[in-house]
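Below: upload-v1.cif (mmCIF, C-alpha atoms)
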data_run
loop_
_atom_site.label_atom_id
_atom_site.label_comp_id
_atom_site.auth_asym_id
_atom_site.auth_seq_id
_atom_site.Cartn_x
_atom_site.Cartn_y
_atom_site.Cartn_z
CA MET C 30 131.71 137.19 159.91
CA GLY C 31 129.74 140.29 159.06
CA PHE C 32 127.86 142.50 161.46
CA LYS C 33 125.23 145.18 161.18
CA MET C 34 125.42 148.73 162.44
CA GLY C 35 122.20 150.73 162.44
CA ILE C 36 122.44 154.47 161.71
CA VAL C 37 119.85 156.24 163.84
CA GLY C 38 118.98 159.80 164.73
CA LEU C 39 116.23 162.38 164.84
CA PRO C 40 115.10 163.86 161.51
CA ASN C 41 117.43 166.42 159.86
CA VAL C 42 120.60 165.53 161.77
CA GLY C 43 122.57 164.39 158.69
CA LYS C 44 121.85 160.67 158.99
CA SER C 45 120.90 160.12 155.35
CA THR C 46 123.75 162.33 154.11
CA LEU C 47 126.14 160.10 156.04
CA PHE C 48 124.58 156.93 154.65
CA ASN C 49 124.71 158.35 151.10
CA ALA C 50 128.41 159.11 151.57
CA LEU C 51 128.97 155.50 152.62
CA THR C 52 127.16 154.19 149.56
CA LYS C 53 129.09 156.42 147.17
CA THR C 54 132.43 155.61 148.81
CA ALA C 55 131.73 151.90 148.57
CA ALA C 56 130.60 152.14 144.95
CA ALA C 57 133.93 153.77 144.13
CA GLN C 58 135.91 150.95 145.74
CA ALA C 59 137.60 148.23 143.71
CA ALA C 60 135.42 145.60 142.01
CA ASN C 61 136.64 142.94 144.49
CA PHE C 62 134.38 144.32 147.19
CA PRO C 63 131.61 146.45 145.68
CA PHE C 64 128.93 148.05 147.74
CA CYS C 65 126.04 145.64 147.87
CA THR C 66 122.56 147.09 148.10
CA ILE C 67 120.52 144.44 149.86
CA GLU C 68 117.53 146.76 150.32
CA PRO C 69 117.23 150.48 149.55
CA ASN C 70 118.47 151.33 153.05
CA VAL C 71 120.98 148.50 153.62
CA GLY C 72 124.48 148.14 152.23
CA GLU C 73 127.91 146.63 152.80
CA VAL C 74 131.18 148.53 152.82
CA ALA C 75 134.81 147.48 153.21
CA VAL C 76 136.56 147.92 156.57
CA PRO C 77 139.73 149.97 155.90
CA ASP C 78 142.92 148.29 157.14
CA ALA C 79 146.34 149.48 155.94
CA ARG C 80 147.88 146.20 157.11
CA LEU C 81 146.09 144.33 154.35
CA ASP C 82 147.71 146.47 151.65
CA THR C 83 151.12 145.92 153.26
CA LEU C 84 150.65 142.14 153.35
CA ALA C 85 149.53 142.08 149.72
CA GLU C 86 152.61 144.05 148.68
CA VAL C 87 154.96 141.75 150.59
CA ALA C 88 153.36 138.57 149.18
CA GLY C 89 152.70 139.91 145.69
CA SER C 90 149.00 139.07 146.02
CA LYS C 91 146.92 139.64 142.89
CA GLN C 92 143.76 140.52 144.82
CA ILE C 93 143.03 142.37 148.04
CA ILE C 94 139.79 141.40 149.80
CA PRO C 95 138.98 143.32 153.00
CA THR C 96 136.45 142.28 155.58
CA ARG C 97 133.13 144.09 155.42
CA MET C 98 130.42 145.51 157.61
CA THR C 99 126.76 146.26 156.94
CA PHE C 100 125.18 149.64 157.54
CA VAL C 101 121.42 150.03 157.93
CA ASP C 102 119.86 153.47 157.45
CA ILE C 103 117.05 153.30 160.01
CA ALA C 104 113.98 155.52 159.69
CA GLY C 105 114.15 158.77 161.68
CA LEU C 106 112.72 158.62 165.16
CA VAL C 107 110.47 161.11 166.93
CA LYS C 108 109.14 161.36 170.48
CA GLY C 109 106.46 158.72 171.03
CA ALA C 110 108.13 156.11 168.82
CA SER C 111 107.76 153.55 171.60
CA LYS C 112 103.99 154.03 171.23
CA GLY C 113 104.11 153.82 167.43
CA GLU C 114 104.37 157.55 166.67
CA GLY C 115 105.81 158.37 163.24
CA LEU C 116 107.54 155.26 161.92
CA GLY C 117 108.10 154.09 165.49
CA ASN C 118 107.20 150.44 165.08
CA GLN C 119 109.40 150.08 162.00
CA PHE C 120 112.22 151.93 163.75
CA LEU C 121 112.14 149.65 166.80
CA ALA C 122 111.91 146.48 164.68
CA ASN C 123 114.93 147.55 162.61
CA ILE C 124 117.02 148.26 165.72
CA ARG C 125 116.35 144.75 167.04
CA GLU C 126 118.06 143.37 163.93
CA VAL C 127 121.35 145.27 164.25
CA ASP C 128 124.38 144.49 166.42
CA ALA C 129 125.23 148.09 167.31
CA ILE C 130 123.88 151.60 166.95
CA ALA C 131 125.63 154.57 165.33
CA HIS C 132 123.68 157.45 166.83
CA VAL C 133 124.08 160.53 164.61
CA LEU C 134 123.77 163.78 166.58
CA ARG C 135 123.42 167.22 165.08
CA CYS C 136 126.37 169.31 166.24
CA PHE C 137 126.07 172.23 163.84
CA GLU C 138 124.07 175.44 163.51
CA ASP C 139 122.27 176.01 160.19
CA GLY C 140 119.19 178.22 159.85
CA ASP C 141 118.32 176.50 156.56
CA VAL C 142 118.06 173.06 158.19
CA THR C 143 115.13 172.85 160.59
CA HIS C 144 115.56 170.85 163.78
CA VAL C 145 112.52 168.75 164.64
CA GLU C 146 112.57 170.15 168.22
CA GLY C 147 113.37 173.73 167.14
CA ARG C 148 116.79 173.83 168.82
CA VAL C 149 120.32 172.38 168.57
CA ASP C 150 121.12 170.25 171.61
CA PRO C 151 122.85 166.93 170.80
CA VAL C 152 122.78 165.68 174.40
CA GLU C 153 119.03 166.20 174.63
CA ASP C 154 118.62 164.53 171.20
CA ALA C 155 120.51 161.51 172.51
CA GLU C 156 118.25 161.40 175.55
CA VAL C 157 115.11 161.49 173.35
CA ILE C 158 116.12 158.34 171.50
CA GLU C 159 117.47 156.58 174.60
CA THR C 160 114.22 157.31 176.43
CA GLU C 161 112.12 155.86 173.60
CA LEU C 162 114.26 152.71 173.55
CA MET C 163 113.99 152.35 177.34
CA LEU C 164 110.20 152.77 177.25
CA ALA C 165 109.94 150.14 174.51
CA ASP C 166 112.11 147.76 176.56
CA LEU C 167 110.03 148.27 179.69
CA GLU C 168 106.82 147.53 177.79
CA SER C 169 108.39 144.41 176.26
CA ILE C 170 109.67 143.20 179.65
CA GLU C 171 106.31 143.59 181.36
CA LYS C 172 104.58 141.56 178.64
CA ARG C 173 107.23 138.86 178.65
CA ARG C 174 107.30 138.47 182.42
CA ALA C 175 103.51 138.17 182.44
CA GLY C 176 103.83 135.44 179.81
CA LEU C 177 106.27 133.46 181.96
CA VAL C 178 103.95 133.09 185.00
CA ARG C 179 102.64 129.61 184.11
CA LYS C 180 106.12 128.21 183.40
CA LEU C 181 107.47 129.71 186.62
CA LYS C 182 104.76 127.92 188.60
CA GLY C 183 105.98 124.69 186.99
CA ASN C 184 109.58 125.43 188.08
CA ASP C 185 110.80 125.66 184.47
CA LYS C 186 114.54 126.44 184.80
CA GLU C 187 114.80 128.30 181.50
CA ALA C 188 111.81 130.46 182.44
CA GLN C 189 113.38 131.17 185.85
CA GLN C 190 116.59 132.33 184.20
CA GLN C 191 114.69 134.54 181.74
CA ASP C 192 112.55 136.08 184.48
CA ARG C 193 115.61 136.75 186.65
CA LEU C 194 117.39 138.53 183.80
CA LEU C 195 114.26 140.45 182.78
CA ALA C 196 113.80 141.57 186.38
CA ALA C 197 117.41 142.82 186.52
CA ALA C 198 116.88 144.76 183.31
CA GLN C 199 113.57 146.16 184.55
CA GLU C 200 115.15 147.43 187.77
CA VAL C 201 117.85 149.34 185.87
CA LEU C 202 115.40 150.71 183.29
CA GLU C 203 113.04 151.97 186.00
CA GLU C 204 115.98 153.97 187.36
CA GLY C 205 116.18 155.69 183.96
CA LYS C 206 119.27 153.78 182.82
CA PRO C 207 119.79 151.52 179.77
CA ALA C 208 119.84 147.74 180.18
CA ARG C 209 123.44 147.58 178.88
CA LEU C 210 124.52 148.63 182.38
CA VAL C 211 123.33 145.31 183.86
CA GLU C 212 126.29 143.11 184.83
CA VAL C 213 125.75 139.69 183.27
CA SER C 214 127.68 136.53 184.18
CA GLU C 215 129.25 134.30 181.55
CA ASP C 216 126.65 131.62 182.34
CA ASP C 217 123.84 134.05 181.55
CA ALA C 218 125.44 135.69 178.49
CA LYS C 219 123.66 133.59 175.86
CA ALA C 220 120.23 133.93 177.49
CA TRP C 221 120.79 137.67 177.98
CA LYS C 222 121.58 138.16 174.30
CA GLY C 223 118.49 136.14 173.43
CA LEU C 224 116.28 138.71 175.20
CA GLN C 225 117.08 141.17 172.37
CA LEU C 226 116.49 144.25 174.48
CA LEU C 227 116.99 147.47 172.53
CA THR C 228 119.05 149.24 175.21
CA THR C 229 121.59 146.41 175.40
CA LYS C 230 122.93 147.42 171.97
CA PRO C 231 126.34 149.11 172.19
CA ILE C 232 126.24 152.76 171.06
CA LEU C 233 128.67 154.84 169.03
CA TYR C 234 127.83 158.54 169.10
CA VAL C 235 128.54 160.21 165.75
CA CYS C 236 128.91 163.98 166.08
CA ASN C 237 127.94 165.53 162.75
CA VAL C 238 129.73 168.89 162.79
CA ASP C 239 130.05 171.77 160.32
CA GLU C 240 132.94 171.64 157.84
CA GLY C 241 135.08 174.08 159.84
CA SER C 242 134.88 171.88 162.94
CA ALA C 243 135.70 168.54 161.25
CA ALA C 244 139.31 168.44 162.48
CA SER C 245 138.86 169.34 166.15
CA GLY C 246 135.13 169.45 166.90
CA ASN C 247 133.16 172.25 168.52
CA GLU C 248 131.23 173.14 171.68
CA PHE C 249 128.41 170.74 170.75
CA SER C 250 130.70 167.76 170.14
CA ALA C 251 132.57 168.56 173.39
CA ARG C 252 129.29 168.09 175.29
CA VAL C 253 128.71 164.76 173.54
CA GLU C 254 132.27 163.68 174.35
CA LYS C 255 131.62 164.39 178.06
CA MET C 256 128.33 162.44 177.93
CA ALA C 257 129.96 159.49 176.14
CA ALA C 258 132.80 159.38 178.70
CA GLU C 259 130.28 159.29 181.55
CA GLN C 260 128.45 156.40 179.87
CA GLY C 261 131.58 154.53 178.83
CA ALA C 262 130.39 154.87 175.22
CA ALA C 263 132.41 155.56 172.07
CA MET C 264 132.18 158.70 169.91
CA VAL C 265 133.61 160.03 166.64
CA ILE C 266 133.55 163.48 165.09
CA ILE C 267 132.58 163.63 161.44
CA SER C 268 131.25 166.12 158.90
CA ALA C 269 128.68 164.28 156.80
CA GLN C 270 128.85 167.02 154.17
CA ILE C 271 132.63 166.67 153.83
CA GLU C 272 132.28 162.88 153.62
CA GLU C 273 129.74 163.19 150.83
CA ASP C 274 132.07 165.57 148.97
CA ILE C 275 135.04 163.20 149.40
CA SER C 276 133.00 160.24 148.21
CA GLN C 277 132.71 161.84 144.78
CA LEU C 278 136.49 162.28 144.34
CA ASP C 279 139.16 159.85 143.18
CA ALA C 280 141.84 158.72 145.66
CA GLU C 281 144.39 161.43 144.74
CA GLU C 282 141.82 164.24 144.81
CA ALA C 283 140.41 162.96 148.11
CA ALA C 284 143.89 162.95 149.70
CA MET C 285 144.48 166.56 148.60
CA PHE C 286 141.06 167.61 149.85
CA LEU C 287 141.66 166.02 153.26
CA GLU C 288 145.03 167.74 153.56
CA GLU C 289 143.46 171.11 152.76
CA MET C 290 140.85 170.51 155.46
CA GLY C 291 143.53 169.57 158.00
CA LEU C 292 142.30 165.98 158.26
CA GLU C 293 144.58 162.94 158.41
CA GLU C 294 141.96 160.54 157.05
CA ALA C 295 138.33 160.35 155.99
CA GLY C 296 135.86 160.41 158.86
CA LEU C 297 134.10 157.37 157.40
CA ASP C 298 137.25 155.30 157.93
CA ARG C 299 137.28 156.31 161.60
CA LEU C 300 133.57 155.57 161.86
CA ILE C 301 133.95 152.08 160.41
CA ARG C 302 136.95 151.22 162.58
CA ALA C 303 135.20 152.57 165.69
CA GLY C 304 132.22 150.33 164.90
CA HIS C 305 134.55 147.37 164.54
CA LYS C 306 136.11 148.06 167.93
CA LEU C 307 132.73 148.73 169.56
CA LEU C 308 131.62 145.16 168.83
CA ASN C 309 134.80 143.64 170.27
CA LEU C 310 135.92 142.46 166.83
CA GLU C 311 139.40 141.85 165.49
CA THR C 312 140.97 140.80 162.21
CA TYR C 313 143.19 137.96 161.04
CA PHE C 314 144.60 137.49 157.55
CA THR C 315 145.16 134.79 154.95
CA VAL C 316 147.87 135.71 152.46
CA GLY C 317 149.13 134.14 149.24
CA PRO C 318 150.00 134.95 145.62
CA LYS C 319 146.34 134.72 144.61
CA GLU C 320 144.88 136.99 147.30
CA ALA C 321 145.42 138.77 150.59
CA ARG C 322 142.22 138.61 152.61
CA ALA C 323 140.98 139.93 155.95
CA TRP C 324 138.59 137.96 158.17
CA THR C 325 136.58 139.29 161.12
CA ILE C 326 136.27 137.39 164.40
CA ARG C 327 135.26 138.18 167.96
CA VAL C 328 138.09 138.89 170.38
CA GLY C 329 138.87 135.63 172.20
CA THR C 330 138.05 133.32 169.27
CA THR C 331 139.99 130.02 169.15
CA ALA C 332 141.79 128.83 166.03
CA PRO C 333 139.16 126.21 165.00
CA LYS C 334 136.35 128.77 165.32
CA ALA C 335 138.40 131.28 163.31
CA ALA C 336 138.91 128.63 160.62
CA GLY C 337 135.15 128.08 160.57
CA VAL C 338 134.64 131.67 159.45
CA ILE C 339 136.24 130.65 156.13
CA HIS C 340 134.40 127.33 155.83
CA GLY C 341 132.64 124.98 158.22
CA ASP C 342 134.80 122.05 157.04
CA PHE C 343 137.91 123.93 158.21
CA GLU C 344 136.54 123.95 161.75
CA LYS C 345 135.27 120.35 161.72
CA GLY C 346 138.52 118.88 160.42
CA PHE C 347 140.90 121.35 162.11
CA ILE C 348 144.41 119.98 162.71
CA ARG C 349 146.52 123.06 163.39
CA ALA C 350 147.08 126.68 162.38
CA GLU C 351 150.42 127.82 160.99
CA THR C 352 150.68 131.27 162.54
CA ILE C 353 152.84 134.32 161.84
CA ALA C 354 152.38 137.66 163.59
CA PHE C 355 151.80 140.60 161.22
CA ASP C 356 155.02 142.41 162.22
CA ASP C 357 157.06 139.22 161.74
CA PHE C 358 155.52 138.54 158.31
CA VAL C 359 156.47 142.03 157.14
CA ALA C 360 159.93 142.09 158.78
CA CYS C 361 160.81 138.67 157.34
CA LYS C 362 159.45 139.64 153.92
CA GLY C 363 156.85 136.92 153.75
CA GLU C 364 156.02 133.38 154.78
CA GLN C 365 159.28 131.74 153.68
CA GLY C 366 161.40 134.31 155.46
CA ALA C 367 159.31 133.91 158.61
CA LYS C 368 159.78 130.12 158.48
CA GLU C 369 163.54 130.46 158.11
CA ALA C 370 163.68 132.96 161.00
CA GLY C 371 161.68 130.63 163.24
CA LYS C 372 158.79 133.07 163.41
CA MET C 373 156.13 130.64 162.17
CA ARG C 374 154.36 128.76 164.96
CA ALA C 375 152.17 125.66 164.85
CA GLU C 376 149.15 126.35 167.05
CA GLY C 377 146.51 123.83 168.14
CA LYS C 378 142.81 123.83 169.01
CA SER C 379 143.17 125.86 172.20
CA TYR C 380 145.06 128.75 170.56
CA VAL C 381 143.28 132.11 170.86
CA VAL C 382 143.79 134.06 167.64
CA LYS C 383 145.38 137.50 168.02
CA ASP C 384 144.54 140.60 166.02
CA GLY C 385 146.82 140.76 162.96
CA ASP C 386 147.74 137.06 162.88
CA VAL C 387 148.53 135.69 159.43
CA LEU C 388 147.11 132.17 159.41
CA HIS C 389 147.24 129.04 157.25
CA PHE C 390 144.91 126.26 158.38
CA LEU C 391 145.58 122.54 158.02
CA PHE C 392 142.51 120.31 158.23
CA ASN C 393 141.16 116.85 157.42
CA THR C 394 138.43 116.59 154.80
#

Encoded form using structure tokens:
Amino acid sequence: MGFKMGIVGLPNVGKSTLFNALTKTAAAQAANFPFCTIEPNVGEVAVPDARLDTLAEVAGSKQIIPTRMTFVDIAGLVKGASKGEGLGNQFLANIREVDAIAHVLRCFEDGDVTHVEGRVDPVEDAEVIETELMLADLESIEKRRAGLVRKLKGNDKEAQQQDRLLAAAQEVLEEGKPARLVEVSEDDAKAWKGLQLLTTKPILYVCNVDEGSAASGNEFSARVEKMAAEQGAAMVIISAQIEEDISQLDAEEAAMFLEEMGLEEAGLDRLIRAGHKLLNLETYFTVGPKEARAWTIRVGTTAPKAAGVIHGDFEKGFIRAETIAFDDFVACKGEQGAKEAGKMRAEGKSYVVKDGDVLHFLFNT
């Protein structure tokens, strides 16, 4: 299961530099999972997971295949985008297609890089984009509710559900808050998602800081951290310039560079993992002598549905899942050792897969 994260931001905040670093990093990765340019501004990159390397070493796997995520470099937004200003219409259409938003905020001073608003204020930048998305949602809701009038008069149940949800979103938006704050019941979850409102997308704030602030942030990123905490949103600190520099180095040089900068890992790795977590995703593994592979599922996925991520026939003919926890697989030095230690479990259709499970599916063809 792949998912798309849109990279958004005002002009000149480092958005394209960050995307370029992602593309170069991915191009330098092993041939098993190359960066795939679907369009000039869309690409796939591997999700870093040290557990996968460990499993491959234990099992002697010839190939390592990580799970992947798609990044979309979305056109820069300006005030008035909701009314079509700049590339507004394209911007809004692209956001509808992604699962989450990585909102790049300028958290650095640089007289050579002009800010579109003539000042450096990441919180205000965030509010500019959020406001445009809210205005676009309000316009969409008003049109859609007007279009439901005839069906509502005919007591159409689906139309009643849609109108009720649109009304709830409208009330929150008119208070100046994003639609993601609406509490939605499990019964309404599918219909709510189908509304495709822009402000229901989960947000990850990406603080693009100067090189000297990459390890601990600065006064600008501290303000964003406070804002994110108030919203219950996620945030990461990253230096797009450092990431672009690292992307041009080999693994050994990159490790030395990171150490010199006082960084434990590349910011892109943290960004990718934060995006994974933001979408309530987790990973299970299939491991053997041929390959060790990671698979992405939603938290709460049952074993048959997890099997279906590999192939639809696995889900249709599901019998059981032979399951070993990651720590047990490593401690017992592989599948055979786990079997002998009684650490392999046979799980049925109701089993909810846990993050890090090593699975082998049995199914009828």

Just so the selection is clear, what residues does the PyMOL selection byres ((chain C and resi 221) around 12) cover here, as a PyMOL selection string?
chain C and resi 187+190-198+208-209+211-220+222-227+229-230

Residues within 7 Å of segment 250-267 of chain C, all atoms listed in the file, excluding chain neighbours under 6 positions, as a PyMOL selection string:
chain C and resi 136+151-152+232-238+243+296+300

Could you expand the PyMOL selection byres ((chain C and resi 91) around 10) into the explicit residues it covers here, written as a PyMOL selection string?
chain C and resi 85-86+88-90+92-93+317-321

Would you mind reading off the distance between atom CA of Ile130 of chain C and atom CA of Ala79 of chain C, one decimal, in Å?
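Between atom CA of Ile130 of chain C and atom CA of Ala79 of chain C the gap works out to 25.1 Å.
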
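Here atom CA of Ala354 of chain C and atom CA of Gly366 of chain C stand 12.6 Å from one another.
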
Mind telling me what the PyMOL selection byres ((chain C and resi 166-170) around 7) catches here, as a VMD selection string?
chain C and resid 162 to 165 171 to 174 195 199 202 226 to 227

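Counting from atom CA of Phe286 of chain C, the distance to atom CA of Leu47 of chain C is 17.8 Å.
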
Taking 4 positions as the minimum chain separation for residues in the same chain, which residues sit within 6 Å of Val101 of chain C when counting all atoms listed in the file? Answer as a list in words.
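In the requested form, the answer reads Gly35, Ile36, Asn70 and Val71 of chain C.
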
Tell me, as a ChimeraX atom specification, which residues lie within 7 Å of His389 of chain C, counting only C-alpha atoms; anything in the same chain fewer than 5 positions away does not count.
/C:315,350-352
